[in-house]
>>> print(open('input_23.txt').read())   # compact mmCIF, C-alpha atoms and all ligand atoms
# COMPACT_ATOMS: atom_id res chain seq x y z
CA MET A 654 -0.56 -17.84 -23.08
CA LEU A 655 1.19 -14.67 -21.98
CA GLN A 656 2.86 -15.46 -18.69
CA ASP A 657 5.90 -14.08 -16.91
CA GLY A 658 8.61 -15.87 -14.97
CA PHE A 659 6.63 -15.56 -11.73
CA GLY A 660 3.55 -17.26 -13.17
CA ARG A 661 1.60 -14.02 -13.57
CA ARG A 662 -0.78 -14.00 -16.50
CA ILE A 663 -0.54 -10.89 -18.69
CA ASP A 664 -3.76 -9.95 -20.44
CA TYR A 665 -3.59 -6.16 -20.39
CA LEU A 666 -1.42 -3.68 -22.27
CA ARG A 667 -1.21 0.07 -21.80
CA LEU A 668 -0.34 1.72 -25.08
CA SER A 669 1.16 5.19 -24.99
CA VAL A 670 0.38 6.89 -28.30
CA THR A 671 2.37 10.06 -27.55
CA ASP A 672 4.69 11.35 -24.85
CA ARG A 673 3.52 14.95 -25.41
CA CYS A 674 0.98 16.71 -23.29
CA ASP A 675 -0.86 20.02 -23.13
CA LEU A 676 -0.61 20.04 -19.32
CA ARG A 677 2.27 19.90 -16.87
CA CYS A 678 0.87 18.13 -13.82
CA SER A 679 3.31 18.77 -11.03
CA TYR A 680 3.76 15.09 -10.11
CA CYS A 681 4.11 13.91 -13.73
CA MET A 682 6.02 16.18 -16.10
CA PRO A 683 8.64 18.78 -15.12
CA LYS A 684 7.51 22.32 -15.99
CA HIS A 685 10.06 23.02 -18.71
CA PHE A 686 10.40 19.48 -19.99
CA LYS A 687 11.27 19.38 -23.70
CA ASP A 688 13.03 16.05 -24.17
CA PHE A 689 10.25 14.48 -26.26
CA GLU A 690 10.61 11.52 -28.56
CA GLU A 691 11.37 12.32 -32.22
CA PRO A 692 8.30 11.80 -34.47
CA ALA A 693 10.44 9.47 -36.60
CA HIS A 694 10.66 7.18 -33.56
CA TRP A 695 6.91 7.01 -32.94
CA LEU A 696 5.40 3.68 -33.83
CA SER A 697 3.02 4.17 -36.76
CA PHE A 698 -0.54 2.89 -36.60
CA ASP A 699 0.48 0.02 -38.90
CA GLU A 700 3.35 -0.94 -36.60
CA ILE A 701 1.15 -0.76 -33.50
CA GLU A 702 -1.53 -2.86 -35.16
CA ARG A 703 1.00 -5.46 -36.30
CA LEU A 704 2.57 -5.84 -32.88
CA LEU A 705 -0.69 -5.82 -30.93
CA SER A 706 -2.27 -8.36 -33.25
CA VAL A 707 0.52 -10.75 -32.23
CA PHE A 708 -0.11 -9.95 -28.55
CA ALA A 709 -3.83 -10.55 -29.08
CA ARG A 710 -3.16 -13.92 -30.68
CA LEU A 711 -1.05 -14.85 -27.65
CA GLY A 712 -3.87 -13.99 -25.22
CA LEU A 713 -3.98 -10.23 -24.69
CA LYS A 714 -7.56 -9.23 -23.87
CA ARG A 715 -7.46 -5.56 -22.95
CA ILE A 716 -5.81 -2.43 -24.26
CA ARG A 717 -5.77 1.03 -22.72
CA LEU A 718 -4.72 4.03 -24.78
CA THR A 719 -2.73 6.54 -22.80
CA GLY A 720 0.08 9.08 -23.14
CA GLY A 721 1.21 11.86 -22.58
CA GLU A 722 -2.14 13.11 -23.62
CA PRO A 723 -3.50 10.55 -26.11
CA LEU A 724 -5.98 12.98 -27.68
CA LEU A 725 -3.01 14.93 -29.05
CA ARG A 726 -2.18 12.04 -31.39
CA LYS A 727 -3.60 12.81 -34.82
CA ASP A 728 -6.37 10.52 -36.10
CA LEU A 729 -6.65 8.61 -32.83
CA PRO A 730 -10.16 7.28 -33.65
CA GLU A 731 -8.64 5.53 -36.68
CA LEU A 732 -6.21 3.66 -34.41
CA VAL A 733 -9.08 2.88 -32.01
CA ARG A 734 -11.08 1.34 -34.85
CA ARG A 735 -8.18 -0.86 -35.88
CA LEU A 736 -7.43 -2.07 -32.35
CA ALA A 737 -11.08 -2.65 -31.51
CA ALA A 738 -11.27 -4.95 -34.54
CA LEU A 739 -8.40 -7.20 -33.38
CA PRO A 740 -9.72 -10.70 -32.65
CA GLY A 741 -9.39 -11.44 -28.94
CA ILE A 742 -9.44 -7.83 -27.72
CA ASP A 743 -12.62 -7.44 -25.72
CA ASP A 744 -11.94 -4.22 -23.87
CA LEU A 745 -10.57 -0.98 -25.24
CA SER A 746 -10.28 1.94 -22.85
CA LEU A 747 -8.67 5.38 -22.78
CA SER A 748 -7.04 7.62 -20.16
CA THR A 749 -7.17 11.34 -20.82
CA ASN A 750 -6.77 14.66 -19.06
CA GLY A 751 -10.09 15.69 -20.61
CA THR A 752 -9.00 19.03 -22.09
CA GLN A 753 -9.96 17.96 -25.64
CA LEU A 754 -12.69 15.53 -24.73
CA ALA A 755 -15.65 17.76 -25.61
CA LYS A 756 -14.50 17.64 -29.23
CA HIS A 757 -13.59 13.95 -29.40
CA ALA A 758 -15.79 11.99 -26.96
CA ALA A 759 -18.52 10.93 -29.40
CA ARG A 760 -16.11 9.90 -32.16
CA LEU A 761 -13.97 7.89 -29.77
CA ARG A 762 -17.01 6.07 -28.42
CA GLN A 763 -18.21 5.30 -31.94
CA ALA A 764 -14.75 4.07 -32.90
CA GLY A 765 -14.78 1.51 -30.08
CA VAL A 766 -13.53 2.99 -26.80
CA SER A 767 -15.82 1.48 -24.19
CA ARG A 768 -14.44 2.84 -20.92
CA LEU A 769 -12.91 6.18 -20.09
CA ASN A 770 -10.65 7.41 -17.28
CA VAL A 771 -10.40 11.16 -16.91
CA SER A 772 -7.77 12.78 -14.68
CA LEU A 773 -9.15 15.51 -12.48
CA ASP A 774 -7.30 16.35 -9.28
CA SER A 775 -9.50 19.16 -8.00
CA LEU A 776 -12.83 20.87 -8.61
CA ASP A 777 -11.35 24.16 -7.47
CA ARG A 778 -10.32 26.22 -10.48
CA ASP A 779 -7.21 27.77 -8.91
CA THR A 780 -6.01 24.53 -7.35
CA LEU A 781 -6.36 22.69 -10.66
CA HIS A 782 -4.56 25.53 -12.43
CA ARG A 783 -1.69 25.28 -9.95
CA LEU A 784 -1.50 21.47 -10.25
CA THR A 785 -1.70 21.26 -14.05
CA GLY A 786 -0.03 24.53 -15.06
CA ARG A 787 -3.13 25.68 -16.97
CA ASP A 788 -6.57 27.07 -16.23
CA VAL A 789 -8.53 24.09 -17.57
CA LEU A 790 -11.35 23.29 -15.15
CA ALA A 791 -14.13 24.54 -17.46
CA GLN A 792 -12.69 22.62 -20.43
CA VAL A 793 -12.40 19.37 -18.50
CA LEU A 794 -15.93 19.71 -17.09
CA ALA A 795 -17.27 20.31 -20.61
CA GLY A 796 -15.36 17.22 -21.76
CA LEU A 797 -16.91 15.15 -19.00
CA GLU A 798 -20.40 16.30 -19.93
CA ALA A 799 -19.77 15.33 -23.55
CA ALA A 800 -18.48 11.95 -22.40
CA ARG A 801 -21.58 11.37 -20.26
CA GLY A 802 -23.72 11.93 -23.31
CA ALA A 803 -21.63 9.68 -25.55
CA GLY A 804 -22.66 6.39 -23.89
CA PHE A 805 -19.39 5.02 -22.47
CA ARG A 806 -19.82 1.86 -20.40
CA ALA A 807 -17.99 3.48 -17.47
CA ILE A 808 -16.35 6.80 -16.69
CA LYS A 809 -13.81 6.93 -13.90
CA ILE A 810 -12.21 10.03 -12.43
CA ASN A 811 -8.55 9.66 -11.50
CA MET A 812 -7.49 11.94 -8.65
CA VAL A 813 -3.87 11.84 -7.58
CA ALA A 814 -3.52 12.52 -3.86
CA THR A 815 -1.11 15.43 -3.62
CA THR A 816 0.27 17.05 -0.50
CA GLY A 817 -2.13 19.75 0.64
CA LEU A 818 -5.15 17.68 -0.39
CA SER A 819 -7.92 18.66 2.01
CA GLU A 820 -10.88 16.67 3.30
CA ARG A 821 -13.06 19.27 1.61
CA ASP A 822 -11.44 18.63 -1.81
CA VAL A 823 -11.96 14.89 -1.48
CA ASP A 824 -15.55 15.16 -0.23
CA ALA A 825 -16.44 17.59 -3.01
CA MET A 826 -15.07 15.13 -5.57
CA VAL A 827 -16.98 12.23 -3.98
CA ALA A 828 -20.25 14.21 -4.27
CA PHE A 829 -19.45 15.34 -7.84
CA CYS A 830 -18.87 11.75 -8.97
CA ALA A 831 -21.89 10.33 -7.12
CA ASP A 832 -24.17 12.92 -8.74
CA ARG A 833 -22.97 12.05 -12.24
CA GLY A 834 -22.55 8.29 -12.03
CA PHE A 835 -18.74 8.46 -12.18
CA VAL A 836 -16.45 6.09 -10.30
CA LEU A 837 -13.80 7.96 -8.32
CA ARG A 838 -10.26 6.61 -7.96
CA LEU A 839 -7.76 8.06 -5.56
CA ILE A 840 -4.12 7.38 -6.45
CA GLU A 841 -0.96 7.56 -4.37
CA THR A 842 1.80 9.58 -6.01
CA MET A 843 4.60 7.40 -7.35
CA PRO A 844 8.22 8.60 -7.31
CA LEU A 845 8.71 8.47 -11.08
CA GLY A 846 11.36 10.90 -12.26
CA GLU A 847 12.12 14.20 -10.55
CA ALA A 848 8.51 15.42 -10.85
CA GLY A 849 7.08 12.36 -9.15
CA ARG A 850 9.69 12.38 -6.41
CA SER A 851 9.36 16.05 -5.56
CA ALA A 852 5.55 15.90 -5.43
CA GLY A 853 5.58 14.29 -1.99
CA PHE A 854 3.61 11.28 -0.86
CA VAL A 855 0.18 11.08 0.73
CA ASP A 856 -0.75 7.77 2.34
CA LEU A 857 -4.27 6.84 1.25
CA GLN A 858 -4.96 4.44 4.13
CA PRO A 859 -6.17 7.10 6.62
CA ILE A 860 -8.21 8.79 3.87
CA ARG A 861 -9.77 5.44 3.03
CA ALA A 862 -10.69 4.83 6.68
CA ARG A 863 -12.23 8.30 7.00
CA LEU A 864 -14.30 7.95 3.79
CA ARG A 865 -15.55 4.53 4.85
CA GLU A 866 -16.86 6.05 8.06
CA ARG A 867 -18.09 9.37 6.61
CA PHE A 868 -20.16 7.86 3.76
CA GLY A 869 -21.02 4.49 5.34
CA LEU A 870 -19.09 2.56 2.67
CA VAL A 871 -18.38 -1.15 2.46
CA ASP A 872 -15.85 -3.20 0.45
CA GLY A 873 -17.09 -3.70 -3.09
CA VAL A 874 -16.13 -4.86 -6.54
CA VAL A 875 -16.13 -2.56 -9.58
CA PRO A 876 -15.27 -3.99 -13.02
CA GLY A 877 -11.99 -2.83 -14.50
CA GLY A 878 -9.30 -5.40 -13.90
CA GLY A 879 -6.85 -2.92 -12.38
CA PRO A 880 -5.25 -2.82 -8.96
CA ALA A 881 -7.79 -0.48 -7.34
CA ARG A 882 -9.55 -1.76 -4.21
CA TYR A 883 -13.04 -0.32 -3.90
CA LEU A 884 -15.38 1.00 -1.26
CA VAL A 885 -19.01 1.45 -2.29
CA SER A 886 -22.20 2.73 -0.68
CA PRO A 887 -24.98 0.14 -0.27
CA ASP A 888 -26.98 1.85 -3.07
CA ARG A 889 -23.74 1.99 -5.17
CA ARG A 890 -24.14 5.70 -5.84
CA VAL A 891 -20.71 6.22 -4.28
CA GLN A 892 -17.92 4.05 -5.69
CA ILE A 893 -14.35 4.90 -4.71
CA GLY A 894 -11.26 2.99 -5.74
CA PHE A 895 -7.91 3.28 -3.97
CA ILE A 896 -4.72 2.72 -5.92
CA THR A 897 -2.01 2.31 -3.32
CA PRO A 898 1.28 1.31 -4.96
CA ILE A 899 3.26 2.63 -2.01
CA SER A 900 1.27 1.93 1.15
CA GLN A 901 0.04 -1.48 -0.05
CA HIS A 902 1.63 -2.65 -3.28
CA PHE A 903 -0.09 -5.10 -5.61
CA CYS A 904 2.82 -6.46 -7.67
CA ALA A 905 1.93 -10.11 -6.98
CA THR A 906 -1.20 -9.79 -9.12
CA CYS A 907 0.17 -7.38 -11.74
CA ASN A 908 -1.33 -8.34 -15.09
CA ARG A 909 0.02 -5.66 -17.42
CA VAL A 910 2.84 -4.44 -19.63
CA ARG A 911 3.32 -1.04 -21.22
CA LEU A 912 4.28 -0.06 -24.75
CA SER A 913 5.68 3.45 -25.09
CA VAL A 914 5.39 5.60 -28.22
CA ASP A 915 8.96 4.73 -29.26
CA GLY A 916 8.14 1.02 -29.35
CA ARG A 917 9.75 -0.05 -26.09
CA LEU A 918 7.92 -2.66 -24.07
CA HIS A 919 8.22 -1.70 -20.40
CA LEU A 920 7.96 -4.65 -18.09
CA CYS A 921 7.35 -2.82 -14.80
CA LEU A 922 6.21 0.72 -14.07
CA GLY A 923 8.75 1.08 -11.28
CA GLN A 924 11.80 -0.49 -12.95
CA GLU A 925 13.73 0.48 -16.06
CA THR A 926 13.59 -3.00 -17.66
CA ALA A 927 12.37 -2.59 -21.25
CA VAL A 928 12.70 -4.31 -24.62
CA ASP A 929 12.87 -2.47 -27.94
CA PHE A 930 10.28 -3.66 -30.46
CA ARG A 931 10.64 -0.76 -32.91
CA SER A 932 13.83 -2.07 -34.47
CA LEU A 933 12.29 -5.54 -34.73
CA LEU A 934 9.20 -4.14 -36.46
CA ARG A 935 11.25 -1.94 -38.78
CA GLY A 936 13.69 -4.76 -39.45
CA GLY A 937 10.84 -6.85 -40.88
CA ALA A 938 10.45 -9.38 -38.05
CA SER A 939 7.86 -12.05 -38.83
CA GLN A 940 4.85 -12.70 -36.61
CA ALA A 941 6.58 -15.78 -35.24
CA GLN A 942 9.68 -13.77 -34.40
CA LEU A 943 7.63 -11.07 -32.72
CA ALA A 944 5.81 -13.72 -30.69
CA GLU A 945 9.14 -15.26 -29.68
CA HIS A 946 10.49 -11.89 -28.52
CA ILE A 947 7.31 -11.13 -26.58
CA GLY A 948 7.64 -14.44 -24.73
CA GLN A 949 11.29 -13.74 -23.93
CA ALA A 950 10.54 -10.18 -22.84
CA LEU A 951 7.92 -11.36 -20.37
CA LEU A 952 10.49 -13.62 -18.72
CA ARG A 953 12.46 -10.46 -17.90
CA ARG A 954 9.61 -8.95 -15.86
CA PRO A 955 10.87 -7.89 -12.44
CA GLU A 956 9.06 -9.37 -9.47
CA ARG A 957 8.06 -5.97 -8.07
CA HIS A 958 8.73 -2.27 -8.00
CA GLU A 959 10.92 -0.74 -5.31
CA PHE A 960 9.25 2.64 -4.92
CA ARG A 961 9.68 2.53 -1.18
CA GLU A 962 13.15 0.99 -0.90
CA ARG A 963 14.74 2.77 -3.87
CA PRO A 964 12.62 5.79 -4.80
CA GLY A 965 15.43 7.19 -6.99
CA ARG A 966 15.44 4.15 -9.25
CA THR A 967 13.35 5.39 -12.19
CA VAL A 968 14.63 8.26 -14.29
CA ARG A 969 11.80 8.29 -16.80
CA ILE A 970 8.77 10.43 -16.06
CA MET A 971 5.19 9.17 -15.92
CA SER A 972 4.09 10.93 -19.11
CA SER A 973 6.70 8.99 -21.11
CA ILE A 974 5.21 5.65 -20.10
CA GLY A 975 1.54 6.41 -19.61
CA GLY A 976 0.81 5.51 -15.99
N1 LIG B 1001 -2.70 12.39 -19.84
C1 LIG B 1001 -3.57 11.34 -19.46
C2 LIG B 1001 -4.12 11.55 -18.07
O1 LIG B 1001 -3.66 12.47 -17.40
O2 LIG B 1001 -5.02 10.80 -17.68
C3 LIG B 1001 -2.95 9.96 -19.56
C4 LIG B 1001 -1.54 9.79 -19.11
S1 LIG B 1001 -1.26 10.03 -17.38
C5 LIG B 1001 0.48 9.74 -17.27
C6 LIG B 1001 -2.00 8.57 -16.69
C7 LIG B 1001 -2.28 8.63 -15.21
O3 LIG B 1001 -1.05 8.70 -14.50
C8 LIG B 1001 -3.10 9.84 -14.76
O4 LIG B 1001 -4.23 9.41 -14.03
C9 LIG B 1001 -2.15 10.61 -13.88
O5 LIG B 1001 -2.83 11.27 -12.86
C10 LIG B 1001 -1.26 9.51 -13.36
N2 LIG B 1001 0.05 9.96 -12.88
C11 LIG B 1001 0.95 10.75 -13.47
N3 LIG B 1001 2.06 10.93 -12.72
C12 LIG B 1001 1.85 10.20 -11.60
C13 LIG B 1001 2.62 9.92 -10.44
N4 LIG B 1001 3.85 10.45 -10.26
N5 LIG B 1001 2.09 9.12 -9.50
C14 LIG B 1001 0.86 8.56 -9.64
N6 LIG B 1001 0.08 8.76 -10.73
C15 LIG B 1001 0.57 9.57 -11.68
FE1 LIG B 1002 -0.16 15.27 -18.96
FE2 LIG B 1002 -1.54 13.25 -17.90
FE3 LIG B 1002 0.97 13.79 -17.11
FE4 LIG B 1002 -0.93 15.49 -16.46
S1 LIG B 1002 -0.81 13.33 -15.81
S2 LIG B 1002 1.10 16.03 -17.33
S3 LIG B 1002 -2.25 15.34 -18.17
S4 LIG B 1002 0.36 13.08 -19.08
>>> encode(input="input_23.txt", output="structure tokens")
Amino acid sequence: MLQDGFGRRIDYLRLSVTDRCDLRCSYCMPKHFKDFEEPAHWLSFDEIERLLSVFARLGLKRIRLTGGEPLLRKDLPELVRRLAALPGIDDLSLSTNGTQLAKHAARLRQAGVSRLNVSLDSLDRDTLHRLTGRDVLAQVLAGLEAARGAGFRAIKINMVATTGLSERDVDAMVAFCADRGFVLRLIETMPLGEAGRSAGFVDLQPIRARLRERFGLVDGVVPGGGPARYLVSPDRRVQIGFITPISQHFCATCNRVRLSVDGRLHLCLGQETAVDFRSLLRGGASQAQLAEHIGQALLRRPERHEFRERPGRTVRIMSSIGG
């Protein structure tokens, strides 16, 4: 069983398949960022499959593909097919910014992605342009329509709460999601790297209280296994999750680790502790040796992040680790 030194069970891995992105969200990647990982350092599909098959044998149940922008990784559906076929993996999901989704949604669904998270911070074209660095609203909306038609089990919209977020923006997004059967998730900005730190922080607690009142919402449960706490309307047309790493952290129940494109296993989103698996894979480590190193790595998991106490602690940016 995959367990860390604090008795937390790990059954979920976020796999970053690239650190590159076609957007530059203000809270994630600095505008002129160029310090990307060398292609020679990217784990190949064979290496990913080998390592994750060992994880799966040890008890991993869920994998989420992320990035950077995962749809920029060539032949992604091929990787999806391989991971979906791993014995023990019963949930394969994907996080995307949606810019390329119109083209890829159906193939990804067929390959085995069952749930989709799409980042969309505003329904206002100019605001989204300002936040992402590109005029992409129409593209993302087309991607979402394609995804709706592709038969995913669930589609969630991730909206990072940025300073300047108005009640009107939030209410428009609530209505948009309710009309289309999407689950909305509001996320507090985390101080990862310079971009995350300079984005400013918006406390979601008052927004949560206002939405509860405004839409007559009650506490509810929405499948997903993540840290979001949900409010839902009695008819469940409105479903809103709140991810509050700063105002109410959830480290005690953290069930996940993260594998970045260069093969480093990151043991906490808010700490720099990581273990290199690329050299082990390329050095010909056996399955037993990989399993041994996974077990040891988990014992190095920090108890919690320190976003509040030490916001300058992480130098890496969110796009390099995948959220
Ligand atoms: N490119 C894909 C996307 O945007 O969904 C996947 C990678 S992105 C790093 C994963 C998630 O992290 C997105 O929902 C994004 O909004 C979120 N994110 C990025 N930087 C963040 C930050 N500083 N604080 C909180 N969430 C952040
Ligand atoms: Fe790219 Fe996603 Fe980061 Fe935006 S949040 S810059 S889309 S990786």
>>> closest_residue(input="input_23.txt", among="A:Ala799, A:Ala938, A:Ala950, A:Ile840", to="A:Gln753", atoms="all atoms listed in the file")
A:Ala799
>>> residues_around(input="input_23.txt", residues="A:Asn770", least_positions_apart="6", cutoff="9 Å", atoms="all atoms listed in the file", output="ChimeraX atom specification")
/A:746-751,807-811
>>> closest_residue(input="input_23.txt", among="A:Asp888, A:Val771, A:Leu790, A:Ala803", to="A:Phe835", atoms="all atoms listed in the file")
A:Val771
>>> residues_around(input="input_23.txt", residues="A:Glu925", least_positions_apart="2", cutoff="12 Å", atoms="only C-alpha atoms", output="MDAnalysis selection string")
chainID A and resid 845:846 911 917:923 927:928 953:955 957:959 965:970 974
>>> closest_residue(input="input_23.txt", among="A:Val670, A:Glu798, A:Val733, A:Ala848", to="A:His694", atoms="all atoms listed in the file")
A:Val670
>>> residues_near_ligand(input="input_23.txt", ligand="ligand LIG 1002 (chain B)", cutoff="6 Å", atoms="only C-alpha atoms and all ligand atoms", output="list in words")
Cys674, Leu676, Arg677, Cys678, Cys681, Met682, Gly720, Gly721, Glu722, Asn750 and Ser972 of chain A
>>> closest_residue(input="input_23.txt", among="A:Pro740, A:Pro683, A:Gly660, A:Gly802", to="ligand LIG 1001 (chain B)", atoms="only C-alpha atoms and all ligand atoms")
A:Pro683
>>> axis_aligned_box(input="input_23.txt", around="ligand LIG 1001 (chain B)", padding_each_side="5 Å", output="lines of an AutoDock Vina configuration file")
center_x = -0.6
center_y = 10.5
center_z = -14.7
size_x = 18.9
size_y = 13.9
size_z = 20.3
>>> closest_residue(input="input_23.txt", among="A:Ala828, A:Leu725, A:Leu797, A:Leu952", to="ligand LIG 1001 (chain B)", atoms="only C-alpha atoms and all ligand atoms")
A:Leu725
>>> residues_around(input="input_23.txt", residues="A:Arg865", least_positions_apart="5", cutoff="8 Å", atoms="only C-alpha atoms", output="PDB file with C-alpha atoms, in the coordinates of the input")
ATOM      1  CA  LEU A 870     -19.090   2.560   2.670  1.00  0.00           C
ATOM      2  CA  VAL A 871     -18.380  -1.150   2.460  1.00  0.00           C
ATOM      3  CA  LEU A 884     -15.380   1.000  -1.260  1.00  0.00           C
TER       4      LEU A 884
END
>>> closest_residue(input="input_23.txt", among="A:Met654, A:Leu837, A:Ile860, A:Leu736", to="ligand LIG 1001 (chain B)", atoms="only C-alpha atoms and all ligand atoms")
A:Leu837
